[in-house]
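**Student:** Structure supplied as structure_28.csv; contents: CSV, C-alpha atoms.
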chain,number,residue,atom,x,y,z
A,1,MET,CA,-16.9,-5.2,5.4
A,2,ARG,CA,-17.0,-4.0,9.0
A,3,TYR,CA,-14.5,-1.8,10.6
A,4,ILE,CA,-13.7,0.5,13.6
A,5,GLU,CA,-12.1,3.9,13.0
A,6,PRO,CA,-9.9,4.1,16.1
A,7,HIS,CA,-8.5,7.5,15.4
A,8,ALA,CA,-10.4,10.3,13.6
A,9,HIS,CA,-10.9,14.0,14.4
A,10,MET,CA,-14.5,14.3,13.4
A,11,VAL,CA,-14.9,17.8,14.8
A,12,SER,CA,-12.9,18.8,11.7
A,13,ARG,CA,-15.0,16.9,9.2
A,14,VAL,CA,-18.3,17.5,7.5
A,15,THR,CA,-21.4,15.5,8.1
A,16,ASP,CA,-21.1,13.9,4.7
A,17,ASP,CA,-18.0,12.1,6.0
A,18,TYR,CA,-20.1,10.3,8.6
A,19,ILE,CA,-22.4,9.2,5.9
A,20,ARG,CA,-19.6,7.9,3.7
A,21,MET,CA,-17.9,6.1,6.7
A,22,VAL,CA,-21.0,4.3,7.8
A,23,THR,CA,-21.8,3.4,4.2
A,24,ALA,CA,-18.3,1.8,4.0
A,25,GLY,CA,-19.0,-0.3,7.1
A,26,CYS,CA,-17.8,1.8,9.9
A,27,GLN,CA,-19.2,0.6,13.3
A,28,ALA,CA,-17.6,3.1,15.7
A,29,ILE,CA,-15.4,6.1,15.7
A,30,CYS,CA,-12.9,7.1,18.4
A,31,GLU,CA,-11.8,10.7,18.5
A,32,PRO,CA,-8.6,11.8,20.4
A,33,ALA,CA,-8.3,15.4,21.6
A,34,PHE,CA,-5.8,17.2,19.3
A,35,TRP,CA,-4.5,20.6,18.1
A,36,ALA,CA,-7.1,22.7,16.4
A,37,GLY,CA,-4.6,24.2,14.0
A,38,PHE,CA,-4.2,27.2,16.2
A,39,ASP,CA,-3.4,27.6,19.9
A,40,ARG,CA,-6.3,27.9,22.3
A,41,SER,CA,-6.0,31.1,24.4
A,42,SER,CA,-7.1,29.6,27.7
A,43,ALA,CA,-8.1,26.4,29.6
A,44,ALA,CA,-11.7,27.5,29.1
A,45,GLY,CA,-11.2,26.8,25.4
A,46,PHE,CA,-10.3,23.2,26.3
A,47,TYR,CA,-13.3,22.9,28.5
A,48,ASP,CA,-15.5,23.8,25.6
A,49,TYR,CA,-13.6,21.4,23.4
A,50,PHE,CA,-14.0,18.5,25.9
A,51,SER,CA,-17.7,19.3,26.1
A,52,GLN,CA,-17.9,19.1,22.3
A,53,LEU,CA,-16.1,15.7,22.3
A,54,THR,CA,-18.3,14.2,25.0
A,55,GLU,CA,-21.7,15.8,24.3
A,56,HIS,CA,-22.1,17.2,20.9
A,57,GLU,CA,-20.1,15.0,18.6
A,58,PRO,CA,-21.6,11.7,19.9
A,59,LYS,CA,-25.0,13.1,19.1
A,60,ARG,CA,-23.9,14.1,15.6
A,61,ALA,CA,-22.5,10.5,15.0
A,62,ALA,CA,-25.6,8.9,16.4
A,63,LYS,CA,-27.8,10.4,13.7
A,64,PHE,CA,-26.1,8.0,11.4
A,65,GLY,CA,-26.1,5.0,13.7
A,66,LEU,CA,-22.5,5.4,14.6
A,67,ARG,CA,-21.1,5.1,18.1
A,68,HIS,CA,-18.7,7.9,18.9
A,69,PHE,CA,-16.0,7.6,21.6
A,70,SER,CA,-13.3,10.1,22.7
A,71,TRP,CA,-10.0,10.5,24.4
A,72,LEU,CA,-9.0,13.6,26.4
A,73,CYS,CA,-5.8,15.6,26.9
A,74,ILE,CA,-3.9,18.7,26.0
A,75,ASN,CA,-2.1,17.8,22.8
A,76,PRO,CA,1.7,18.0,22.5
A,77,LYS,CA,1.7,20.9,20.1
A,78,GLU,CA,0.3,23.1,23.0
A,79,SER,CA,2.5,21.5,25.7
A,80,GLU,CA,5.3,24.0,25.6
A,81,ASP,CA,3.2,26.2,28.0
A,82,VAL,CA,3.4,24.0,31.1
A,83,LYS,CA,1.2,26.3,33.2
A,84,LEU,CA,-1.6,26.1,30.6
A,85,ALA,CA,-1.1,22.4,30.4
A,86,GLU,CA,-1.5,22.0,34.2
A,87,GLU,CA,-4.7,24.0,34.1
A,88,VAL,CA,-6.1,21.8,31.3
A,89,ILE,CA,-5.1,18.6,32.9
A,90,ALA,CA,-6.8,19.7,36.1
A,91,LEU,CA,-10.1,19.9,34.1
A,92,ILE,CA,-9.9,16.4,32.7
A,93,PRO,CA,-11.0,14.3,35.8
A,94,LYS,CA,-14.4,15.8,35.8
A,95,PHE,CA,-14.9,14.5,32.2
A,96,LEU,CA,-13.5,11.0,32.7
A,97,ASP,CA,-16.8,9.5,33.9
A,98,ARG,CA,-18.7,10.5,30.8
A,99,PRO,CA,-20.0,7.5,28.9
A,100,ASN,CA,-18.0,7.9,25.7
A,101,VAL,CA,-14.6,8.7,27.2
A,102,LEU,CA,-12.0,5.9,26.6
A,103,GLY,CA,-8.9,7.3,28.2
A,104,ILE,CA,-6.1,9.9,28.0
A,105,GLY,CA,-5.0,10.8,24.5
A,106,GLU,CA,-3.5,11.7,22.1
A,107,ILE,CA,-0.7,12.6,24.4
A,108,GLY,CA,3.0,12.4,23.4
A,109,LEU,CA,5.6,14.7,22.0
A,110,ASN,CA,5.9,17.1,19.0
A,111,LYS,CA,9.3,18.7,19.0
A,112,ASN,CA,10.8,16.6,21.8
A,113,SER,CA,11.3,19.5,24.2
A,114,ARG,CA,11.8,19.3,27.9
A,115,ASN,CA,8.4,21.0,28.6
A,116,GLU,CA,6.6,18.6,26.3
A,117,LEU,CA,8.2,15.7,28.2
A,118,LYS,CA,7.1,17.2,31.5
A,119,VAL,CA,3.5,17.5,30.3
A,120,LEU,CA,3.7,13.9,28.9
A,121,GLU,CA,4.7,12.8,32.4
A,122,LEU,CA,1.8,14.7,33.9
A,123,HIS,CA,-0.6,12.9,31.5
A,124,VAL,CA,0.8,9.5,32.2
A,125,ASP,CA,0.4,10.2,36.0
A,126,LEU,CA,-3.2,11.2,35.4
A,127,ALA,CA,-3.8,8.0,33.5
A,128,ALA,CA,-2.3,5.9,36.2
A,129,LYS,CA,-4.2,7.6,39.0
A,130,HIS,CA,-7.5,7.1,37.2
A,131,ASN,CA,-6.7,3.7,35.6
A,132,GLN,CA,-7.2,5.0,32.1
A,133,LEU,CA,-6.1,3.6,28.7
A,134,ILE,CA,-3.4,5.7,27.0
A,135,LEU,CA,-3.2,6.7,23.3
A,136,VAL,CA,0.1,8.3,22.3
A,137,HIS,CA,0.9,10.6,19.3
A,138,THR,CA,4.4,10.3,18.1
A,139,PRO,CA,6.2,13.3,16.4
A,140,HIS,CA,6.3,14.0,12.7
A,141,LEU,CA,9.0,13.3,10.2
A,142,GLU,CA,12.5,13.8,11.4
A,143,ASP,CA,11.4,14.0,15.0
A,144,LYS,CA,9.6,10.7,15.1
A,145,LEU,CA,12.5,8.3,15.9
A,146,LYS,CA,13.8,10.4,18.8
A,147,GLY,CA,10.3,11.2,20.1
A,148,THR,CA,9.2,7.6,20.1
A,149,ARG,CA,12.3,6.6,22.1
A,150,LEU,CA,11.7,9.3,24.6
A,151,ILE,CA,8.0,8.4,24.9
A,152,LEU,CA,8.7,4.7,25.4
A,153,ASP,CA,11.2,5.6,28.2
A,154,VAL,CA,8.6,7.8,30.0
A,155,ILE,CA,5.9,5.1,29.9
A,156,ARG,CA,8.2,2.2,30.8
A,157,SER,CA,9.6,4.1,33.8
A,158,ASP,CA,6.1,4.3,35.3
A,159,ARG,CA,5.5,0.9,36.9
A,160,ARG,CA,1.8,1.6,37.3
A,161,ILE,CA,1.2,1.5,33.5
A,162,LYS,CA,0.6,-1.8,31.9
A,163,PRO,CA,2.1,-1.8,28.4
A,164,GLU,CA,-0.9,-3.7,26.9
A,165,ARG,CA,-3.1,-0.7,27.9
A,166,VAL,CA,-1.1,1.8,25.8
A,167,ILE,CA,-1.2,2.3,22.0
A,168,ILE,CA,1.7,4.2,20.3
A,169,ASP,CA,0.3,5.8,17.2
A,170,HIS,CA,1.7,6.9,13.9
A,171,VAL,CA,4.4,4.2,13.8
A,172,GLU,CA,6.5,3.8,10.6
A,173,GLU,CA,9.1,1.3,9.5
A,174,HIS,CA,11.8,2.7,11.7
A,175,THR,CA,9.7,2.8,14.9
A,176,ILE,CA,7.2,-0.1,14.7
A,177,LYS,CA,9.6,-2.7,16.2
A,178,LEU,CA,10.7,-0.4,19.0
A,179,VAL,CA,7.0,-0.2,20.0
A,180,LEU,CA,6.0,-3.8,19.6
A,181,ASP,CA,9.0,-5.0,21.5
A,182,THR,CA,7.8,-3.1,24.6
A,183,GLY,CA,4.5,-5.0,24.7
A,184,MET,CA,2.5,-1.9,23.8
A,185,TRP,CA,0.2,-1.6,20.8
A,186,ALA,CA,1.1,0.1,17.6
A,187,GLY,CA,-1.1,2.2,15.4
A,188,MET,CA,-0.4,2.8,11.7
A,189,THR,CA,-1.8,6.1,10.3
A,190,LEU,CA,-2.8,6.1,6.7
A,191,TYR,CA,-2.2,9.5,5.2
A,192,PRO,CA,-2.0,10.5,1.6
A,193,GLU,CA,1.3,12.5,1.9
A,194,SER,CA,3.0,11.5,5.2
A,195,LYS,CA,3.0,8.8,7.8
A,196,CYS,CA,2.2,5.6,5.8
A,197,SER,CA,0.4,4.6,2.7
A,198,PRO,CA,-1.8,1.6,2.5
A,199,PRO,CA,0.8,-0.5,0.7
A,200,ARG,CA,3.4,0.3,3.3
A,201,ALA,CA,1.0,-0.4,6.1
A,202,ILE,CA,0.4,-3.8,4.6
A,203,ASP,CA,4.1,-4.4,4.2
A,204,MET,CA,4.5,-3.8,7.9
A,205,ILE,CA,1.8,-6.3,8.7
A,206,GLU,CA,3.5,-8.8,6.5
A,207,ASN,CA,6.9,-8.1,8.2
A,208,PHE,CA,5.8,-7.7,11.8
A,209,GLY,CA,2.7,-9.8,12.1
A,210,ASN,CA,-0.9,-8.9,13.0
A,211,GLU,CA,-0.9,-8.8,16.8
A,212,ARG,CA,-1.2,-5.5,18.8
A,213,LEU,CA,-1.6,-3.5,15.6
A,214,TRP,CA,-4.4,-1.3,14.3
A,215,MET,CA,-4.8,1.1,11.4
A,216,ASN,CA,-6.5,4.5,11.4
A,217,SER,CA,-7.1,7.4,9.1
A,218,ALA,CA,-6.5,10.1,11.7
A,219,CYS,CA,-8.6,12.3,9.4
A,220,ASP,CA,-8.6,15.9,10.5
A,221,TRP,CA,-8.5,19.4,9.0
A,222,GLY,CA,-5.4,18.6,7.0
A,223,ILE,CA,-4.8,16.5,3.9
A,224,SER,CA,-6.4,13.2,5.0
A,225,ASP,CA,-8.9,10.6,4.0
A,226,PRO,CA,-11.7,9.4,6.3
A,227,LEU,CA,-12.1,6.3,4.2
A,228,ALA,CA,-8.4,5.3,4.4
A,229,VAL,CA,-9.1,2.2,6.6
A,230,PRO,CA,-11.6,0.6,4.2
A,231,LYS,CA,-9.5,1.5,1.3
A,232,THR,CA,-6.5,-0.3,2.9
A,233,ALA,CA,-8.8,-3.3,3.5
A,234,LEU,CA,-9.4,-3.3,-0.3
A,235,GLU,CA,-5.7,-3.1,-0.9
A,236,MET,CA,-5.2,-6.1,1.5
A,237,ARG,CA,-7.7,-8.0,-0.6
A,238,ARG,CA,-5.7,-7.1,-3.8
A,239,ARG,CA,-2.7,-8.5,-2.0
A,240,GLU,CA,-4.6,-11.8,-1.5
A,241,HIS,CA,-4.9,-11.5,2.3
A,242,SER,CA,-7.9,-13.4,3.7
A,243,SER,CA,-11.1,-11.9,4.8
A,244,GLU,CA,-10.4,-13.2,8.3
A,245,LEU,CA,-7.1,-11.4,8.5
A,246,ILE,CA,-8.6,-8.2,7.2
A,247,ASP,CA,-11.4,-8.4,9.7
A,248,LYS,CA,-8.8,-9.0,12.5
A,249,LEU,CA,-6.8,-5.9,11.5
A,250,ILE,CA,-9.7,-3.4,11.0
A,251,TYR,CA,-12.3,-4.7,13.5
A,252,GLN,CA,-11.2,-7.3,16.0
A,253,ASN,CA,-7.8,-5.8,16.9
A,254,PRO,CA,-9.2,-2.3,17.7
A,255,MET,CA,-12.1,-4.0,19.5
A,256,LYS,CA,-9.6,-6.0,21.6
A,257,PHE,CA,-7.6,-3.0,22.7
A,258,LEU,CA,-10.6,-0.7,23.3
A,259,ASN,CA,-12.6,-3.4,25.2
A,260,GLN,CA,-10.0,-2.9,28.0
A,261,CYS,CA,-12.1,0.2,28.7
A,262,GLY,CA,-15.4,-1.1,30.1
A,263,LYS,CA,-17.3,1.7,28.4
A,264,PHE,CA,-16.4,0.6,24.8
A,265,ALA,CA,-19.4,-1.4,23.6
A,266,LEU,CA,-21.0,-1.8,20.2
B,267,MET,CA,2.6,-13.2,-3.4
B,268,THR,CA,5.2,-14.0,-6.0
B,269,ARG,CA,7.6,-11.3,-7.2
B,270,GLN,CA,5.7,-11.4,-10.5
B,271,GLN,CA,2.5,-10.6,-8.8
B,272,VAL,CA,4.1,-7.8,-6.8
B,273,LEU,CA,5.4,-6.3,-10.1
B,274,ASP,CA,2.0,-6.6,-11.7
B,275,LEU,CA,0.4,-4.7,-8.8
B,276,TYR,CA,2.9,-2.0,-8.1
B,277,PHE,CA,5.4,-1.6,-11.0
B,278,MET,CA,3.5,1.2,-12.8
B,279,ASP,CA,3.0,3.1,-9.5
B,280,ALA,CA,6.6,2.8,-8.5
B,281,ARG,CA,7.8,3.7,-12.0
B,282,SER,CA,5.7,6.9,-11.9
B,283,LYS,CA,7.0,7.8,-8.5
B,284,LEU,CA,10.6,7.2,-9.6
B,285,ILE,CA,10.2,9.6,-12.6
B,286,ASP,CA,8.7,12.2,-10.2
B,287,LEU,CA,11.8,11.9,-8.0
B,288,ALA,CA,14.0,12.3,-11.1
B,289,ALA,CA,12.1,15.4,-12.2
B,290,PHE,CA,12.2,16.8,-8.7
B,291,ILE,CA,16.0,16.5,-8.6
B,292,ASP,CA,16.2,18.1,-12.1
B,293,ARG,CA,13.9,21.0,-10.9
B,294,VAL,CA,16.2,21.6,-7.9
B,295,GLN,CA,19.2,21.6,-10.1
B,296,ARG,CA,17.6,24.1,-12.6
B,297,GLY,CA,16.9,26.5,-9.7
B,298,ASN,CA,19.2,29.3,-8.7
B,299,GLY,CA,21.1,29.6,-5.4
B,300,ASN,CA,22.2,26.9,-2.9
B,301,THR,CA,20.3,23.9,-1.6
B,302,ASP,CA,20.2,23.1,2.1
B,303,PHE,CA,20.3,20.2,4.6
B,304,ARG,CA,17.1,18.8,3.2
B,305,MET,CA,18.7,18.0,-0.2
B,306,ASP,CA,21.8,16.6,1.6
B,307,ALA,CA,19.5,14.2,3.5
B,308,PHE,CA,17.6,13.4,0.4
B,309,LYS,CA,20.8,12.3,-1.4
B,310,ARG,CA,21.8,10.1,1.6
B,311,ALA,CA,18.4,8.6,1.5
B,312,LEU,CA,18.6,7.9,-2.2
B,313,ALA,CA,21.8,6.0,-1.7
B,314,GLU,CA,19.9,3.6,0.6
B,315,LEU,CA,17.8,2.4,-2.4
B,316,SER,CA,20.6,0.7,-4.1
B,317,LYS,CA,21.7,-1.3,-1.1
B,318,GLN,CA,21.1,-5.0,-1.4
B,319,GLU,CA,20.2,-5.9,2.2
B,320,GLY,CA,17.9,-4.8,5.0
B,321,SER,CA,14.8,-2.6,4.9
B,322,ARG,CA,15.2,0.2,2.4
B,323,ALA,CA,12.1,2.0,3.7
B,324,GLU,CA,13.5,1.9,7.3
B,325,ALA,CA,16.9,3.1,6.1
B,326,VAL,CA,15.4,6.0,4.1
B,327,LEU,CA,13.4,7.1,7.2
B,328,LEU,CA,16.6,6.8,9.4
B,329,ALA,CA,18.5,9.0,6.9
B,330,PHE,CA,16.0,11.8,7.5
B,331,SER,CA,15.8,11.3,11.3
B,332,ASP,CA,17.2,13.1,14.3
B,333,PRO,CA,19.5,10.5,15.8
B,334,THR,CA,20.1,12.3,19.1
B,335,THR,CA,18.6,11.2,22.4
B,336,ASP,CA,18.4,14.3,24.6
B,337,PRO,CA,15.3,16.5,24.6
B,338,ILE,CA,15.7,20.0,23.2
B,339,ASP,CA,15.6,22.9,25.6
B,340,LYS,CA,12.5,24.6,24.0
B,341,ALA,CA,10.2,24.1,21.1
B,342,THR,CA,10.5,27.2,19.0
B,343,THR,CA,8.2,25.9,16.2
B,344,LYS,CA,5.4,23.4,15.9
B,345,ALA,CA,6.3,22.1,12.4
B,346,ALA,CA,8.7,19.4,11.2
B,347,CYS,CA,10.6,20.0,7.9
B,348,GLY,CA,11.3,16.5,6.9
B,349,ALA,CA,15.0,16.3,7.6
B,350,TRP,CA,17.2,16.8,10.6
B,351,PRO,CA,18.9,20.2,10.2
B,352,ALA,CA,22.0,19.3,12.1
B,353,ALA,CA,23.0,16.4,9.8
B,354,ARG,CA,25.7,17.5,7.3
What does the file become when written as structure tokens?

**Tutor:**
Amino acid sequence: MRYIEPHAHMVSRVTDDYIRMVTAGCQAICEPAFWAGFDRSSAAGFYDYFSQLTEHEPKRAAKFGLRHFSWLCINPKESEDVKLAEEVIALIPKFLDRPNVLGIGEIGLNKNSRNELKVLELHVDLAAKHNQLILVHTPHLEDKLKGTRLILDVIRSDRRIKPERVIIDHVEEHTIKLVLDTGMWAGMTLYPESKCSPPRAIDMIENFGNERLWMNSACDWGISDPLAVPKTALEMRRREHSSELIDKLIYQNPMKFLNQCGKFAL
Amino acid sequence: MTRQQVLDLYFMDARSKLIDLAAFIDRVQRGNGNTDFRMDAFKRALAELSKQEGSRAEAVLLAFSDPTTDPIDKATTKAACGAWPAAR
């Protein structure tokens, strides 16, 4: 089995997780910038984080033969403070030329507030100006449906953004069609307690097809499983899906999307 | 897959989860005091399971969702609680 982990927060994981992932067939890991579990006190904290994502973490992954790529942004959970967000966004361009940076992400919304929307628009503008791919986080639980609609409206209203260069992550049964109908990609996040389970992800593949879809573990400091993608591949096998389809979902599809960034190479 | 194969793969897991749900409802009922909007949403979601058409998973998710379309003025918390408080 070979697979790409297109969304994992490895700064929160131990080195043993790299060993387990590469042993399971992982070929590359992509790490979006996210919330640390606490609010950073200044833009300087983000500068250090972006340095960690673009300098230190690729070296840690390389020790196990893994390519490590990253996405940069200020995450929606820290977007209520627009002034801080503007300072952080101003830092991002100087990191965009780094060899492992794929684009802007994971941007989006958390509680669907006006300030979060404003910061989302700033990020979309940044991506458009620098011709970057976009990875979007959709809100949790009861906020997901509304947040997904608001996010799609913002992205569609910017004519500079090509939908096929955007992935909307954490879709579930009530949002996946909204996303795919726009021409954007959809990511299914495999969590033990929320988002979607492996059987439900496979249900969505069976119901909505296998184009413009990927699966990720989004493993972080919370309850999550860095091996969720290969475990879902095993579940697909139990459901009698072909090896070709499994490879398409867990390797070829993320490869196809990520290859739109010239720096993604295995 | 045939329905028989689906049952062979998932029946025991679904049975276990159904009993957990029943035990959760019993546990809430045994407790003191009032429930809140979360239990109201939970009951609405449960009702979706017995419907004969459409996606039950989607309907359950919609039963817990904020259906409004305007952004809120300010985020006063970072967390989601699983059900939309304004639904009654």

**Student:** At a cut-off of 8 Å, using only C-alpha atoms, what residues contact A:Arg165? Leave out same-chain residues fewer than 5 positions from it and give the result as a list of chain:residue names.

**Tutor:**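 Counting only C-alpha atoms, the residues come to A:Leu133, A:Ile134, A:Met184, A:Trp185, A:Phe257, A:Gln260.
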
**Student:** Name the closest residue to A:Pro199 among the candidates B:Lys309, B:Thr342, B:Ala323, B:Ser316; distances are taken between atoms, counting only C-alpha atoms.

**Tutor:**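 Selected residue with least distance to A:Pro199: B:Ala323.
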
**Student:** Using Å and a single decimal, report how far atom CA of B:Gly348 sits from atom CA of A:Glu193.

**Tutor:** 11.9 Å

**Student:** Do you have the atom CA of B:Val272-atom CA of A:Gly25 distance handy?

**Tutor:**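 These atoms are spaced 28.0 Å apart.
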
**Student:** Counting only C-alpha atoms, what is within 12 Å of A:Leu234, bar same-chain residues fewer than 4 positions away, as a list in words?

**Tutor:** Met1, Ala24, Pro198, Pro199, Ile202, Leu227, Ala228, Val229, Pro230, Arg238, Arg239, Glu240, His241, Ser242, Ser243, Ile246, Asp247 and Ile250 of chain A

**Student:** Between chain A and chain B, at 10 Å or less, what are the per-residue closest atom pairs and their distances in Å? Count all atoms listed in the file, order by chain and rising residue number, and return it as a Markdown table.

**Tutor:**
| residue | atom | partner | partner_atom | distance |
| --- | --- | --- | --- | --- |
| A:Pro76 | CA | B:Lys344 | CA | 9.3 |
| A:Lys77 | CA | B:Lys344 | CA | 6.1 |
| A:Glu78 | CA | B:Lys344 | CA | 8.7 |
| A:Ser79 | CA | B:Ala341 | CA | 9.3 |
| A:Glu80 | CA | B:Ala341 | CA | 6.7 |
| A:Asn110 | CA | B:Lys344 | CA | 7.0 |
| A:Lys111 | CA | B:Ala341 | CA | 5.9 |
| A:Asn112 | CA | B:Pro337 | CA | 5.3 |
| A:Ser113 | CA | B:Ile338 | CA | 4.5 |
| A:Arg114 | CA | B:Pro337 | CA | 5.6 |
| A:Asn115 | CA | B:Lys340 | CA | 7.1 |
| A:Glu116 | CA | B:Ala341 | CA | 8.4 |
| A:Leu117 | CA | B:Pro337 | CA | 8.0 |
| A:Pro139 | CA | B:Ala346 | CA | 8.4 |
| A:His140 | CA | B:Ala346 | CA | 6.1 |
| A:Leu141 | CA | B:Gly348 | CA | 5.1 |
| A:Glu142 | CA | B:Ser331 | CA | 4.1 |
| A:Asp143 | CA | B:Asp332 | CA | 5.9 |
| A:Lys144 | CA | B:Ser331 | CA | 7.3 |
| A:Leu145 | CA | B:Ser331 | CA | 6.4 |
| A:Lys146 | CA | B:Thr335 | CA | 6.1 |
| A:Gly147 | CA | B:Pro337 | CA | 8.6 |
| A:Arg149 | CA | B:Thr335 | CA | 7.8 |
| A:Leu150 | CA | B:Thr335 | CA | 7.5 |
| A:Glu172 | CA | B:Glu324 | CA | 8.0 |
| A:Glu173 | CA | B:Glu324 | CA | 5.0 |
| A:His174 | CA | B:Glu324 | CA | 4.8 |
| A:Thr175 | CA | B:Glu324 | CA | 8.5 |
| A:Ile176 | CA | B:Glu324 | CA | 9.9 |
| A:Ser194 | CA | B:Gly348 | CA | 9.8 |
| A:Pro199 | CA | B:Tyr276 | CA | 9.2 |
| A:Arg200 | CA | B:Ala323 | CA | 8.9 |
| A:Arg238 | CA | B:Leu275 | CA | 8.2 |
| A:Arg239 | CA | B:Met267 | CA | 7.2 |
| A:Glu240 | CA | B:Met267 | CA | 7.6 |
| A:His241 | CA | B:Met267 | CA | 9.6 |

**Student:** How about saving the chosen residues, C-alpha atoms kept, as an mmCIF file, keeping the file's coordinate frame?

**Tutor:**
data_model
loop_
_atom_site.group_PDB
_atom_site.id
_atom_site.type_symbol
_atom_site.label_atom_id
_atom_site.label_comp_id
_atom_site.auth_asym_id
_atom_site.auth_seq_id
_atom_site.Cartn_x
_atom_site.Cartn_y
_atom_site.Cartn_z
ATOM 1 C CA PRO A 76 1.700 18.000 22.500
ATOM 2 C CA LYS A 77 1.700 20.900 20.100
ATOM 3 C CA GLU A 78 0.300 23.100 23.000
ATOM 4 C CA SER A 79 2.500 21.500 25.700
ATOM 5 C CA GLU A 80 5.300 24.000 25.600
ATOM 6 C CA ASN A 110 5.900 17.100 19.000
ATOM 7 C CA LYS A 111 9.300 18.700 19.000
ATOM 8 C CA ASN A 112 10.800 16.600 21.800
ATOM 9 C CA SER A 113 11.300 19.500 24.200
ATOM 10 C CA ARG A 114 11.800 19.300 27.900
ATOM 11 C CA ASN A 115 8.400 21.000 28.600
ATOM 12 C CA GLU A 116 6.600 18.600 26.300
ATOM 13 C CA LEU A 117 8.200 15.700 28.200
ATOM 14 C CA PRO A 139 6.200 13.300 16.400
ATOM 15 C CA HIS A 140 6.300 14.000 12.700
ATOM 16 C CA LEU A 141 9.000 13.300 10.200
ATOM 17 C CA GLU A 142 12.500 13.800 11.400
ATOM 18 C CA ASP A 143 11.400 14.000 15.000
ATOM 19 C CA LYS A 144 9.600 10.700 15.100
ATOM 20 C CA LEU A 145 12.500 8.300 15.900
ATOM 21 C CA LYS A 146 13.800 10.400 18.800
ATOM 22 C CA GLY A 147 10.300 11.200 20.100
ATOM 23 C CA ARG A 149 12.300 6.600 22.100
ATOM 24 C CA LEU A 150 11.700 9.300 24.600
ATOM 25 C CA GLU A 172 6.500 3.800 10.600
ATOM 26 C CA GLU A 173 9.100 1.300 9.500
ATOM 27 C CA HIS A 174 11.800 2.700 11.700
ATOM 28 C CA THR A 175 9.700 2.800 14.900
ATOM 29 C CA ILE A 176 7.200 -0.100 14.700
ATOM 30 C CA SER A 194 3.000 11.500 5.200
ATOM 31 C CA PRO A 199 0.800 -0.500 0.700
ATOM 32 C CA ARG A 200 3.400 0.300 3.300
ATOM 33 C CA ARG A 238 -5.700 -7.100 -3.800
ATOM 34 C CA ARG A 239 -2.700 -8.500 -2.000
ATOM 35 C CA GLU A 240 -4.600 -11.800 -1.500
ATOM 36 C CA HIS A 241 -4.900 -11.500 2.300
#
